[in-house]
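What's in entry-v9.pdb: PDB, C-alpha atoms
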MODEL        1
ATOM      1  CA  MET A   1       9.123  11.633  23.729
ATOM      2  CA  GLY A   2       9.639  10.218  20.248
ATOM      3  CA  LEU A   3      10.115  13.652  18.697
ATOM      4  CA  LEU A   4      12.064  13.747  15.446
ATOM      5  CA  PRO A   5      15.226  15.940  15.376
ATOM      6  CA  MET A   6      14.645  18.905  13.115
ATOM      7  CA  GLY A   7      17.548  18.177  10.764
ATOM      8  CA  ALA A   8      17.481  14.384  10.899
ATOM      9  CA  ASP A   9      17.220  12.268   7.744
ATOM     10  CA  ILE A  10      14.105  10.217   8.484
ATOM     11  CA  LEU A  11      12.922   7.307   6.380
ATOM     12  CA  PRO A  12       9.336   7.787   5.165
ATOM     13  CA  PRO A  13       6.676   5.818   7.061
ATOM     14  CA  SER A  14       4.779   5.882   3.760
ATOM     15  CA  ASP A  15       7.249   3.265   2.498
ATOM     16  CA  ASP A  16       5.521  -0.107   2.829
ATOM     17  CA  ARG A  17       8.465  -1.799   4.571
ATOM     18  CA  VAL A  18       8.951   1.050   7.076
ATOM     19  CA  PHE A  19       5.176   1.111   7.634
ATOM     20  CA  LYS A  20       5.233  -2.574   8.560
ATOM     21  CA  LEU A  21       8.322  -2.262  10.767
ATOM     22  CA  ILE A  22       6.602   0.470  12.788
ATOM     23  CA  LEU A  23       3.358  -1.445  13.337
ATOM     24  CA  THR A  24       4.134  -5.142  13.685
ATOM     25  CA  PRO A  25       6.701  -5.668  16.511
ATOM     26  CA  LEU A  26       5.190  -7.164  19.652
ATOM     27  CA  ASP A  27       6.032  -4.097  21.734
ATOM     28  CA  ALA A  28       4.254  -1.895  19.168
ATOM     29  CA  LYS A  29       0.853  -3.485  19.826
ATOM     30  CA  PRO A  30      -0.567  -0.297  21.462
ATOM     31  CA  VAL A  31       0.428   1.616  18.311
ATOM     32  CA  LEU A  32      -1.419  -0.784  16.015
ATOM     33  CA  ILE A  33      -4.448  -0.919  18.340
ATOM     34  CA  ASP A  34      -4.754   2.875  18.248
ATOM     35  CA  LEU A  35      -4.389   3.059  14.457
ATOM     36  CA  VAL A  36      -7.001   0.347  13.863
ATOM     37  CA  SER A  37      -9.374   1.990  16.372
ATOM     38  CA  SER A  38      -9.066   5.289  14.514
ATOM     39  CA  ILE A  39      -9.954   3.583  11.208
ATOM     40  CA  ILE A  40     -12.969   1.505  12.299
ATOM     41  CA  LYS A  41     -14.162   4.250  14.696
ATOM     42  CA  ARG A  42     -14.553   2.172  17.817
ATOM     43  CA  PRO A  43     -12.244   1.095  20.666
ATOM     44  CA  VAL A  44     -10.138  -1.995  19.966
ATOM     45  CA  LEU A  45      -9.039  -3.986  23.016
ATOM     46  CA  ASP A  46      -6.538  -6.357  21.453
ATOM     47  CA  VAL A  47      -4.898  -7.124  18.122
ATOM     48  CA  GLU A  48      -3.009 -10.102  16.747
ATOM     49  CA  VAL A  49      -0.628  -9.621  13.841
ATOM     50  CA  ARG A  50      -0.751 -12.652  11.565
ATOM     51  CA  ASN A  51       2.142 -11.963   9.164
ATOM     52  CA  ASN A  52       4.769 -10.478  11.430
ATOM     53  CA  ASP A  53       7.938 -11.859   9.836
ATOM     54  CA  ILE A  54       9.886  -9.835   7.274
ATOM     55  CA  PRO A  55      12.365 -12.177   5.551
ATOM     56  CA  PRO A  56      15.986 -11.251   6.345
ATOM     57  CA  SER A  57      17.093 -11.657   2.735
ATOM     58  CA  ASP A  58      16.595  -8.611   0.557
ATOM     59  CA  THR A  59      15.980 -10.883  -2.418
ATOM     60  CA  GLU A  60      13.113 -12.595  -0.631
ATOM     61  CA  GLU A  61      11.818  -9.343   0.835
ATOM     62  CA  LYS A  62      11.295  -7.812  -2.587
ATOM     63  CA  ALA A  63       8.903 -10.623  -3.466
ATOM     64  CA  GLU A  64       6.744 -10.368  -0.346
ATOM     65  CA  ARG A  65       3.461  -8.550   0.051
ATOM     66  CA  LEU A  66       4.374  -5.987   2.684
ATOM     67  CA  ASP A  67       0.973  -5.482   4.256
ATOM     68  CA  VAL A  68      -0.138  -5.714   7.894
ATOM     69  CA  ASN A  69      -2.679  -8.500   8.282
ATOM     70  CA  CYS A  70      -4.266  -8.630  11.738
ATOM     71  CA  ARG A  71      -7.234  -9.867  13.739
ATOM     72  CA  ILE A  72      -8.833  -7.796  16.523
ATOM     73  CA  ASP A  73     -10.647  -8.752  19.740
ATOM     74  CA  ASP A  74     -14.098  -9.309  18.181
ATOM     75  CA  GLY A  75     -12.646 -11.570  15.472
ATOM     76  CA  SER A  76     -12.715  -8.970  12.693
ATOM     77  CA  GLN A  77      -9.935  -9.220  10.122
ATOM     78  CA  ILE A  78      -8.116  -6.093   8.990
ATOM     79  CA  ASP A  79      -5.568  -5.886   6.195
ATOM     80  CA  LEU A  80      -3.598  -2.612   6.218
ATOM     81  CA  GLU A  81      -1.569  -1.725   3.164
ATOM     82  CA  MET A  82       0.613   1.254   2.338
ATOM     83  CA  GLN A  83       0.543   2.097  -1.382
ATOM     84  CA  ALA A  84       3.366   4.589  -1.844
ATOM     85  CA  SER A  85       4.171   4.059  -5.522
ATOM     86  CA  ARG A  86       1.658   4.091  -8.355
ATOM     87  CA  ILE A  87       0.840   0.733  -9.868
ATOM     88  CA  GLN A  88       0.376   0.335 -13.605
ATOM     89  CA  GLU A  89      -2.993   1.762 -14.713
ATOM     90  CA  ASP A  90      -4.893   2.633 -17.868
ATOM     91  CA  SER A  91      -4.802   6.299 -18.790
ATOM     92  CA  ASP A  92      -8.489   6.968 -18.021
ATOM     93  CA  GLY A  93      -7.786   8.154 -14.453
ATOM     94  CA  ARG A  94     -10.132   5.620 -12.832
ATOM     95  CA  TYR A  95      -7.441   3.610 -10.996
ATOM     96  CA  GLN A  96      -9.269   0.369 -11.678
ATOM     97  CA  ASN A  97      -6.120  -1.697 -11.169
ATOM     98  CA  LEU A  98      -5.607  -0.385  -7.627
ATOM     99  CA  LYS A  99      -9.308  -0.789  -6.830
ATOM    100  CA  GLY A 100      -9.296  -4.295  -8.257
ATOM    101  CA  LYS A 101      -6.266  -5.158  -6.149
ATOM    102  CA  SER A 102      -8.046  -3.998  -2.978
ATOM    103  CA  ILE A 103     -11.144  -6.036  -3.812
ATOM    104  CA  TYR A 104      -9.061  -9.111  -4.649
ATOM    105  CA  TYR A 105      -7.186  -8.957  -1.303
ATOM    106  CA  LEU A 106     -10.420  -8.306   0.580
ATOM    107  CA  CYS A 107     -12.316 -11.216  -0.979
ATOM    108  CA  ASP A 108      -9.346 -13.552  -0.613
ATOM    109  CA  LEU A 109      -9.047 -12.775   3.102
ATOM    110  CA  HIS A 110     -12.789 -12.928   3.773
ATOM    111  CA  SER A 111     -13.339 -16.196   1.903
ATOM    112  CA  SER A 112     -10.462 -17.894   3.718
ATOM    113  CA  GLN A 113     -12.528 -18.140   6.908
ATOM    114  CA  PRO A 114     -14.517 -21.373   6.205
ATOM    115  CA  SER A 115     -11.224 -23.226   5.831
ATOM    116  CA  ARG A 116     -10.533 -22.305   9.438
ATOM    117  CA  GLY A 117     -13.685 -24.023  10.685
ATOM    118  CA  VAL A 118     -16.421 -21.395  10.261
ATOM    119  CA  ARG A 119     -19.406 -23.222   8.720
ATOM    120  CA  ARG A 120     -22.247 -20.668   8.869
ATOM    121  CA  TYR A 121     -21.956 -17.732   6.529
ATOM    122  CA  ASP A 122     -23.857 -15.432   8.900
ATOM    123  CA  ARG A 123     -21.161 -16.018  11.505
ATOM    124  CA  LEU A 124     -18.199 -14.992   9.421
ATOM    125  CA  SER A 125     -16.083 -12.234  10.903
ATOM    126  CA  ARG A 126     -16.064  -8.785   9.327
ATOM    127  CA  THR A 127     -13.170  -8.091   7.000
ATOM    128  CA  TYR A 128     -11.637  -4.701   6.223
ATOM    129  CA  GLN A 129      -9.178  -3.890   3.444
ATOM    130  CA  VAL A 130      -7.537  -0.546   4.270
ATOM    131  CA  THR A 131      -5.190   1.133   1.797
ATOM    132  CA  PHE A 132      -3.156   4.190   2.744
ATOM    133  CA  CYS A 133      -2.350   5.777  -0.598
ATOM    134  CA  SER A 134       0.203   8.515  -1.195
ATOM    135  CA  TYR A 135      -1.552   9.673  -4.375
ATOM    136  CA  THR A 136      -5.119  10.696  -5.190
ATOM    137  CA  VAL A 137      -7.485   7.905  -6.218
ATOM    138  CA  PHE A 138     -10.799   9.807  -6.065
ATOM    139  CA  PRO A 139     -10.135  13.304  -7.498
ATOM    140  CA  ASN A 140     -13.839  14.213  -7.449
ATOM    141  CA  ARG A 141     -14.177  13.515  -3.723
ATOM    142  CA  SER A 142     -12.804  16.060  -1.273
ATOM    143  CA  ASP A 143     -12.667  13.718   1.730
ATOM    144  CA  TYR A 144      -9.332  12.023   2.367
ATOM    145  CA  VAL A 145     -11.079   8.882   3.697
ATOM    146  CA  ASN A 146     -13.437   6.991   1.399
ATOM    147  CA  SER A 147     -15.137   3.796   2.581
ATOM    148  CA  PHE A 148     -17.229   1.327   0.550
ATOM    149  CA  SER A 149     -19.532  -1.557   1.523
ATOM    150  CA  LEU A 150     -22.233  -3.656  -0.193
ATOM    151  CA  ARG A 151     -25.334  -1.543  -0.943
ATOM    152  CA  HIS A 152     -28.337  -1.567  -3.302
ATOM    153  CA  ASP A 153     -27.631   0.068  -6.657
ATOM    154  CA  GLU A 154     -30.808   2.185  -6.578
ATOM    155  CA  ASP A 155     -31.728   3.171  -3.015
ATOM    156  CA  ASN A 156     -28.395   2.563  -1.238
ATOM    157  CA  GLU A 157     -29.884   0.063   1.230
ATOM    158  CA  LEU A 158     -27.124  -1.799   3.050
ATOM    159  CA  LEU A 159     -26.968  -5.445   2.009
ATOM    160  CA  SER A 160     -24.099  -6.317   4.349
ATOM    161  CA  ASP A 161     -21.309  -4.652   6.267
ATOM    162  CA  ALA A 162     -19.373  -7.928   6.436
ATOM    163  CA  ILE A 163     -16.755  -6.560   4.045
ATOM    164  CA  GLN A 164     -15.500  -3.023   3.725
ATOM    165  CA  VAL A 165     -12.895  -1.310   1.552
ATOM    166  CA  VAL A 166     -11.310   1.845   2.959
ATOM    167  CA  TYR A 167      -8.960   4.243   1.166
ATOM    168  CA  VAL A 168      -6.987   6.853   3.114
ATOM    169  CA  GLU A 169      -5.600   9.310   0.556
ATOM    170  CA  LEU A 170      -2.515  10.918   2.081
ATOM    171  CA  SER A 171      -2.353  13.357  -0.831
ATOM    172  CA  LYS A 172      -5.438  15.234   0.465
ATOM    173  CA  LEU A 173      -4.159  16.533   3.814
ATOM    174  CA  GLN A 174      -3.673  20.188   2.886
ATOM    175  CA  GLU A 175      -6.699  21.452   4.830
ATOM    176  CA  ILE A 176      -5.946  19.157   7.753
ATOM    177  CA  MET A 177      -2.452  20.640   7.995
ATOM    178  CA  LYS A 178      -4.053  24.048   8.601
ATOM    179  CA  LYS A 179      -5.817  22.752  11.728
ATOM    180  CA  SER A 180      -4.577  23.014  15.270
ATOM    181  CA  VAL A 181      -3.268  19.626  16.399
ATOM    182  CA  ASP A 182      -5.813  19.770  19.236
ATOM    183  CA  ASP A 183      -8.595  19.848  16.616
ATOM    184  CA  MET A 184      -7.307  16.884  14.612
ATOM    185  CA  THR A 185      -8.962  13.486  14.883
ATOM    186  CA  ASP A 186      -6.815  10.465  15.723
ATOM    187  CA  LEU A 187      -6.851   9.251  12.119
ATOM    188  CA  GLU A 188      -5.897  12.717  10.871
ATOM    189  CA  LYS A 189      -2.897  12.649  13.205
ATOM    190  CA  TRP A 190      -1.845   9.253  11.908
ATOM    191  CA  ALA A 191      -2.254  10.415   8.313
ATOM    192  CA  VAL A 192      -0.063  13.473   8.962
ATOM    193  CA  PHE A 193       2.565  11.269  10.611
ATOM    194  CA  PHE A 194       2.670   8.801   7.705
ATOM    195  CA  GLN A 195       2.740  11.470   5.014
ATOM    196  CA  TYR A 196       5.024  14.151   6.463
ATOM    197  CA  ALA A 197       7.338  12.584   9.078
ATOM    198  CA  SER A 198      10.219  12.373   6.594
ATOM    199  CA  GLU A 199       9.844  15.980   5.364
ATOM    200  CA  PRO A 200      11.977  18.493   7.321
ATOM    201  CA  ASN A 201       9.776  21.445   6.293
ATOM    202  CA  HIS A 202       6.824  19.823   8.122
ATOM    203  CA  ARG A 203       8.840  18.522  11.078
ATOM    204  CA  GLU A 204       7.506  21.070  13.562
ATOM    205  CA  THR A 205       3.871  20.125  12.874
ATOM    206  CA  VAL A 206       4.698  16.422  12.876
ATOM    207  CA  ASN A 207       6.411  16.758  16.260
ATOM    208  CA  LYS A 208       3.351  18.497  17.673
ATOM    209  CA  VAL A 209       1.265  15.569  16.396
ATOM    210  CA  ILE A 210       3.691  13.079  17.948
ATOM    211  CA  ALA A 211       3.691  14.918  21.287
ATOM    212  CA  SER A 212      -0.115  14.845  21.444
ATOM    213  CA  LYS A 213      -0.432  11.064  21.998
ATOM    214  CA  GLU A 214       1.668   8.472  23.796
ATOM    215  CA  VAL A 215       1.183   5.897  21.033
ATOM    216  CA  LEU A 216       2.427   8.385  18.440
ATOM    217  CA  GLN A 217       5.482   8.944  20.614
ATOM    218  CA  MET A 218       6.050   5.191  20.509
ATOM    219  CA  ALA A 219       5.675   5.301  16.719
ATOM    220  CA  GLY A 220       8.134   8.207  16.558
ATOM    221  CA  ASN A 221      10.671   6.233  18.569
ATOM    222  CA  ARG A 222      10.212   3.238  16.269
ATOM    223  CA  LEU A 223      10.677   5.435  13.199
ATOM    224  CA  MET A 224      13.864   6.986  14.610
ATOM    225  CA  SER A 225      15.286   3.540  15.403
ATOM    226  CA  ILE A 226      14.507   2.273  11.894
ATOM    227  CA  SER A 227      15.969   5.427  10.297
ATOM    228  CA  GLN A 228      19.236   5.021  12.242
ATOM    229  CA  ASP A 229      19.629   1.365  11.254
ATOM    230  CA  GLU A 230      22.197   1.237   8.463
ATOM    231  CA  ARG A 231      20.876  -2.050   7.115
ATOM    232  CA  GLU A 232      17.357  -0.664   6.866
ATOM    233  CA  ARG A 233      18.672   2.420   5.111
ATOM    234  CA  ALA A 234      20.522   0.189   2.636
ATOM    235  CA  VAL A 235      17.379  -1.900   2.028
ATOM    236  CA  PHE A 236      15.349   1.289   1.501
ATOM    237  CA  ARG A 237      17.879   2.586  -1.076
ATOM    238  CA  SER A 238      17.926  -0.779  -2.836
ATOM    239  CA  ARG A 239      14.133  -0.890  -3.087
ATOM    240  CA  ARG A 240      13.929   2.679  -4.398
ATOM    241  CA  MET A 241      16.624   2.003  -7.006
ATOM    242  CA  PHE A 242      14.775  -1.150  -8.070
ATOM    243  CA  GLN A 243      11.506   0.762  -8.483
ATOM    244  CA  THR A 244      13.158   3.642 -10.349
ATOM    245  CA  ASP A 245      15.026   1.333 -12.729
ATOM    246  CA  MET A 246      11.847  -0.648 -13.422
ATOM    247  CA  GLN A 247       9.885   2.538 -14.200
ATOM    248  CA  SER A 248      12.653   3.718 -16.506
ATOM    249  CA  ASP A 249      12.689   0.382 -18.372
ATOM    250  CA  LEU A 250       8.899   0.490 -18.761
ATOM    251  CA  ALA A 251       8.947   4.080 -20.062
ATOM    252  CA  THR A 252      11.691   3.254 -22.556
ATOM    253  CA  ALA A 253       9.798   0.241 -23.866
ATOM    254  CA  GLU A 254       6.551   2.233 -24.161
ATOM    255  CA  ASP A 255       8.324   4.997 -26.107
ATOM    256  CA  ARG A 256       9.829   2.436 -28.453
ATOM    257  CA  GLY A 257       6.401   0.903 -29.071
ATOM    258  CA  GLU A 258       4.797   4.302 -29.653
ATOM    259  CA  ARG A 259       7.457   5.223 -32.187
ATOM    260  CA  ARG A 260       6.632   2.058 -34.112
ATOM    261  CA  GLY A 261       2.965   3.084 -34.016
ATOM    262  CA  ARG A 262       3.761   6.566 -35.341
ATOM    263  CA  ALA A 263       5.767   5.047 -38.170
ATOM    264  CA  GLU A 264       2.637   3.149 -39.174
ATOM    265  CA  GLY A 265       0.777   6.478 -39.301
ATOM    266  CA  ARG A 266      -2.335   5.329 -37.457
ATOM    267  CA  ALA A 267      -3.809   6.394 -34.099
ATOM    268  CA  GLU A 268      -4.707   2.809 -33.328
ATOM    269  CA  GLY A 269      -1.177   1.858 -34.277
ATOM    270  CA  ARG A 270       0.190   4.301 -31.707
ATOM    271  CA  ALA A 271      -2.149   2.939 -29.041
ATOM    272  CA  GLU A 272      -1.242  -0.627 -29.927
ATOM    273  CA  GLY A 273       2.414   0.333 -29.913
ATOM    274  CA  ARG A 274       2.157   1.824 -26.428
ATOM    275  CA  ALA A 275       0.384  -1.290 -25.155
ATOM    276  CA  GLU A 276       2.913  -3.560 -26.831
ATOM    277  CA  GLY A 277       5.797  -1.511 -25.490
ATOM    278  CA  ARG A 278       4.325  -1.585 -21.986
ATOM    279  CA  ALA A 279       3.995  -5.350 -22.156
ATOM    280  CA  GLU A 280       7.566  -5.670 -23.412
ATOM    281  CA  GLY A 281       8.763  -3.490 -20.542
ATOM    282  CA  VAL A 282       6.964  -5.581 -17.951
ATOM    283  CA  LEU A 283       8.232  -8.780 -19.537
ATOM    284  CA  SER A 284      11.772  -7.400 -19.519
ATOM    285  CA  ALA A 285      11.466  -6.459 -15.851
ATOM    286  CA  ILE A 286      10.181  -9.946 -14.944
ATOM    287  CA  GLN A 287      13.009 -11.619 -16.840
ATOM    288  CA  SER A 288      15.572  -9.280 -15.274
ATOM    289  CA  LEU A 289      14.455 -10.181 -11.754
ATOM    290  CA  MET A 290      14.498 -13.880 -12.594
ATOM    291  CA  ASP A 291      18.010 -13.680 -14.071
ATOM    292  CA  SER A 292      19.697 -11.292 -11.643
ATOM    293  CA  MET A 293      18.051 -12.312  -8.371
ATOM    294  CA  GLY A 294      17.098 -15.936  -8.965
ATOM    295  CA  LEU A 295      13.375 -15.323  -8.428
ATOM    296  CA  SER A 296      10.662 -17.588  -9.749
ATOM    297  CA  VAL A 297       8.120 -16.215 -12.226
ATOM    298  CA  ASP A 298       5.547 -15.760  -9.454
ATOM    299  CA  GLN A 299       8.054 -14.095  -7.109
ATOM    300  CA  ALA A 300       9.096 -11.683  -9.849
ATOM    301  CA  MET A 301       5.477 -10.770 -10.598
ATOM    302  CA  ASN A 302       4.825 -10.311  -6.870
ATOM    303  CA  ALA A 303       7.779  -7.943  -6.677
ATOM    304  CA  LEU A 304       6.441  -5.965  -9.641
ATOM    305  CA  LYS A 305       2.908  -6.049  -8.179
ATOM    306  CA  ILE A 306       1.442  -7.296 -11.440
ATOM    307  CA  ALA A 307      -2.324  -7.764 -11.319
ATOM    308  CA  GLU A 308      -3.533 -11.366 -11.087
ATOM    309  CA  THR A 309      -5.619 -10.918 -14.241
ATOM    310  CA  ASP A 310      -2.492 -10.008 -16.267
ATOM    311  CA  ARG A 311      -0.260 -12.814 -14.998
ATOM    312  CA  PRO A 312      -1.401 -15.578 -17.420
ATOM    313  CA  LYS A 313      -0.460 -13.311 -20.345
ATOM    314  CA  TYR A 314       3.089 -12.829 -19.087
ATOM    315  CA  ARG A 315       3.506 -16.513 -18.220
ATOM    316  CA  SER A 316       2.478 -17.322 -21.794
ATOM    317  CA  MET A 317       4.896 -14.734 -23.209
ATOM    318  CA  LEU A 318       7.742 -16.122 -21.109
ATOM    319  CA  SER A 319       7.044 -19.712 -22.163
ATOM    320  CA  GLY A 320       7.007 -18.644 -25.804
ATOM    321  CA  GLN A 321      10.433 -17.048 -25.705
TER     322      GLN A 321
ENDMDL
END
Represent the structure from my file as structure tokens, please.
Amino acid sequence: MGLLPMGADILPPSDDRVFKLILTPLDAKPVLIDLVSSIIKRPVLDVEVRNNDIPPSDTEEKAERLDVNCRIDDGSQIDLEMQASRIQEDSDGRYQNLKGKSIYYLCDLHSSQPSRGVRRYDRLSRTYQVTFCSYTVFPNRSDYVNSFSLRHDEDNELLSDAIQVVYVELSKLQEIMKKSVDDMTDLEKWAVFFQYASEPNHRETVNKVIASKEVLQMAGNRLMSISQDERERAVFRSRRMFQTDMQSDLATAEDRGERRGRAEGRAEGRAEGRAEGRAEGVLSAIQSLMDSMGLSVDQAMNALKIAETDRPKYRSMLSGQ
């Protein structure tokens, strides 16, 4: 039935690689169809995954965008991404870097259509950018799903629903977990599965969710198979160690920069020191990946998920070394 053994060590489906491995195999098509249907709130008849291959080399895998890019039966494009770890942000709590990333991916995917032969703008397919996020992006909104389209600034009139950004905040499921599984929506069930499948203290509820739908049983079977694969477990450990080491290097560099700022005795000096230290940490991480893993500059910045707007700065810093 796809149920998870109560004491089993299960890899988290909120990891972007595990997320993709669950959804993209050919025999998992019913799973992906159900998930997409639950997001766009209408039945989906068919889905085509357009980036199915995960490179076999761990070095190459670290540099790949691990999203699920698919097209459904009416031609709509849907990009599903799992954002488990926090990306670098300013300290104002607005998560503009994550939001900018979503918009960049959305616009890039939507604008790619004319190159495939679509010549009339009113006949472009709809494009969705969906981000499952393990942390809270909209603290002032209680809903765990927040969707955005193009609307008038004053009266909210819809200009177009051709593009849509959707955030599913997996950190906001506390009230949903109090529900009976029978009262949960399909998307709520998927959210619970992604967020809690790896946590033994929530295993009983997760298994009830899995048992409630055949496609979730298929997903549970996929997750068990992935979790029992020693190579996948080794890749998961390697990725986590890479992320942890990078965060530690960044924190160390920021602290060093802030100490320089304090020595100067100025608040702006401390702020500049933190920014300088952060940049040094990122630069160090890029150089480390290039030296130890043989990645190009672009591959290293992909692996670190550096925003496109920041990349020219780091290329310039690298060329000046």
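Closest to Val166 of chain A among A:Ile39, A:Arg222, A:Ile210, A:Arg119 is A:Ile39, based on all atoms listed in the file.
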Interatomic distance between atom CA of Met301 of chain A and atom CA of Lys313 of chain A?
->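 These two atoms are separated by 11.7 Å.
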Inset, instruction - Apply the PyMOL selection byres ((chain A and resi 286) around 9) to the file shown and report the selected residues as a PyMOL selection string. - result: chain A and resi 281-285+287-291+297+300-301+303-304+314
Store the residues picked out above in a file with C-alpha atoms, as an mmCIF file, in the coordinates of the input.
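So the final result, stored in result_5.cif, reads:
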data_model
loop_
_atom_site.group_PDB
_atom_site.id
_atom_site.type_symbol
_atom_site.label_atom_id
_atom_site.label_comp_id
_atom_site.auth_asym_id
_atom_site.auth_seq_id
_atom_site.Cartn_x
_atom_site.Cartn_y
_atom_site.Cartn_z
ATOM 1 C CA GLY A 281 8.763 -3.490 -20.542
ATOM 2 C CA VAL A 282 6.964 -5.581 -17.951
ATOM 3 C CA LEU A 283 8.232 -8.780 -19.537
ATOM 4 C CA SER A 284 11.772 -7.400 -19.519
ATOM 5 C CA ALA A 285 11.466 -6.459 -15.851
ATOM 6 C CA GLN A 287 13.009 -11.619 -16.840
ATOM 7 C CA SER A 288 15.572 -9.280 -15.274
ATOM 8 C CA LEU A 289 14.455 -10.181 -11.754
ATOM 9 C CA MET A 290 14.498 -13.880 -12.594
ATOM 10 C CA ASP A 291 18.010 -13.680 -14.071
ATOM 11 C CA VAL A 297 8.120 -16.215 -12.226
ATOM 12 C CA ALA A 300 9.096 -11.683 -9.849
ATOM 13 C CA MET A 301 5.477 -10.770 -10.598
ATOM 14 C CA ALA A 303 7.779 -7.943 -6.677
ATOM 15 C CA LEU A 304 6.441 -5.965 -9.641
ATOM 16 C CA TYR A 314 3.089 -12.829 -19.087
#
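At a cut-off of 12 Å from (-11.0, 15.0, -1.6), the residue set is Tyr135, Thr136, Val137, Phe138, Pro139, Asn140, Arg141, Ser142, Asp143, Tyr144, Val145, Asn146, Tyr167, Val168, Glu169, Leu170, Ser171, Lys172, Leu173, Gln174, Glu175 and Ile176 of chain A (counting all atoms listed in the file).
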Save out the residues we just selected, C-alpha atoms, as a short mmCIF file (atom, residue, chain, number, x, y, z; two decimals), in the frame of the given file.
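Output contents, as saved in selection_21.cif:
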data_model
loop_
_atom_site.label_atom_id
_atom_site.label_comp_id
_atom_site.auth_asym_id
_atom_site.auth_seq_id
_atom_site.Cartn_x
_atom_site.Cartn_y
_atom_site.Cartn_z
CA TYR A 135 -1.55 9.67 -4.38
CA THR A 136 -5.12 10.70 -5.19
CA VAL A 137 -7.48 7.90 -6.22
CA PHE A 138 -10.80 9.81 -6.06
CA PRO A 139 -10.14 13.30 -7.50
CA ASN A 140 -13.84 14.21 -7.45
CA ARG A 141 -14.18 13.52 -3.72
CA SER A 142 -12.80 16.06 -1.27
CA ASP A 143 -12.67 13.72 1.73
CA TYR A 144 -9.33 12.02 2.37
CA VAL A 145 -11.08 8.88 3.70
CA ASN A 146 -13.44 6.99 1.40
CA TYR A 167 -8.96 4.24 1.17
CA VAL A 168 -6.99 6.85 3.11
CA GLU A 169 -5.60 9.31 0.56
CA LEU A 170 -2.52 10.92 2.08
CA SER A 171 -2.35 13.36 -0.83
CA LYS A 172 -5.44 15.23 0.46
CA LEU A 173 -4.16 16.53 3.81
CA GLN A 174 -3.67 20.19 2.89
CA GLU A 175 -6.70 21.45 4.83
CA ILE A 176 -5.95 19.16 7.75
#
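The space between atom CA of Ser76 of chain A and atom CA of Ser125 of chain A spans 5.0 Å.
Within the file as shown, the PyMOL selection byres ((chain A and resi 148) around 6) identifies Ser147, Ser149, Gln164 and Val165 of chain A.
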Could you spell out the hits of the PyMOL selection byres ((chain A and resi 68) around 12) on the shown file, as a PyMOL selection string?
chain A and resi 16-25+32+35-36+47-54+64-67+69-71+77-82+128-132
From the list A:Ser160, A:Ser14, A:Gly2, A:Asn97, the nearest residue to Phe236 of chain A using all atoms listed in the file is A:Ser14
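Shortest separation to Ser225 of chain A among A:Val44, A:Met6, A:Val181, A:Leu11 occurs at residue A:Leu11, atoms counted being all atoms listed in the file.
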Counting only C-alpha atoms, which residues come within 9 Å of (2.6, 17.4, 13.1), with the point read in the file's coordinates, and could you list them as a short mmCIF file (atom, residue, chain, number, x, y, z; two decimals) with C-alpha atoms, in the frame of the given file?
data_model
loop_
_atom_site.label_atom_id
_atom_site.label_comp_id
_atom_site.auth_asym_id
_atom_site.auth_seq_id
_atom_site.Cartn_x
_atom_site.Cartn_y
_atom_site.Cartn_z
CA MET A 177 -2.45 20.64 8.00
CA VAL A 181 -3.27 19.63 16.40
CA LYS A 189 -2.90 12.65 13.20
CA VAL A 192 -0.06 13.47 8.96
CA PHE A 193 2.56 11.27 10.61
CA TYR A 196 5.02 14.15 6.46
CA ALA A 197 7.34 12.58 9.08
CA HIS A 202 6.82 19.82 8.12
CA ARG A 203 8.84 18.52 11.08
CA GLU A 204 7.51 21.07 13.56
CA THR A 205 3.87 20.12 12.87
CA VAL A 206 4.70 16.42 12.88
CA ASN A 207 6.41 16.76 16.26
CA LYS A 208 3.35 18.50 17.67
CA VAL A 209 1.26 15.57 16.40
CA ILE A 210 3.69 13.08 17.95
CA ALA A 211 3.69 14.92 21.29
#
- prompt: Pick from A:Glu214, A:Leu26, A:Arg240, A:Ser102: nearest to Ser85 of chain A, with all atoms listed in the file counted?
  reply: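 Going through A:Glu214, A:Leu26, A:Arg240, A:Ser102 one by one, the smallest distance to Ser85 of chain A is for A:Arg240.
Going from atom CA of Gly220 of chain A to atom CA of Lys178 of chain A covers 21.5 Å.
Using all atoms listed in the file, the nearest neighbour of Leu4 of chain A within the list A:Met218, A:Gly75, A:Ser134, A:Ser91 is A:Met218.
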Using only C-alpha atoms, the shortest atom-to-atom distance to Pro30 of chain A among A:Gln217, A:Ser180, A:Ser227, A:Ser296 belongs to A:Gln217
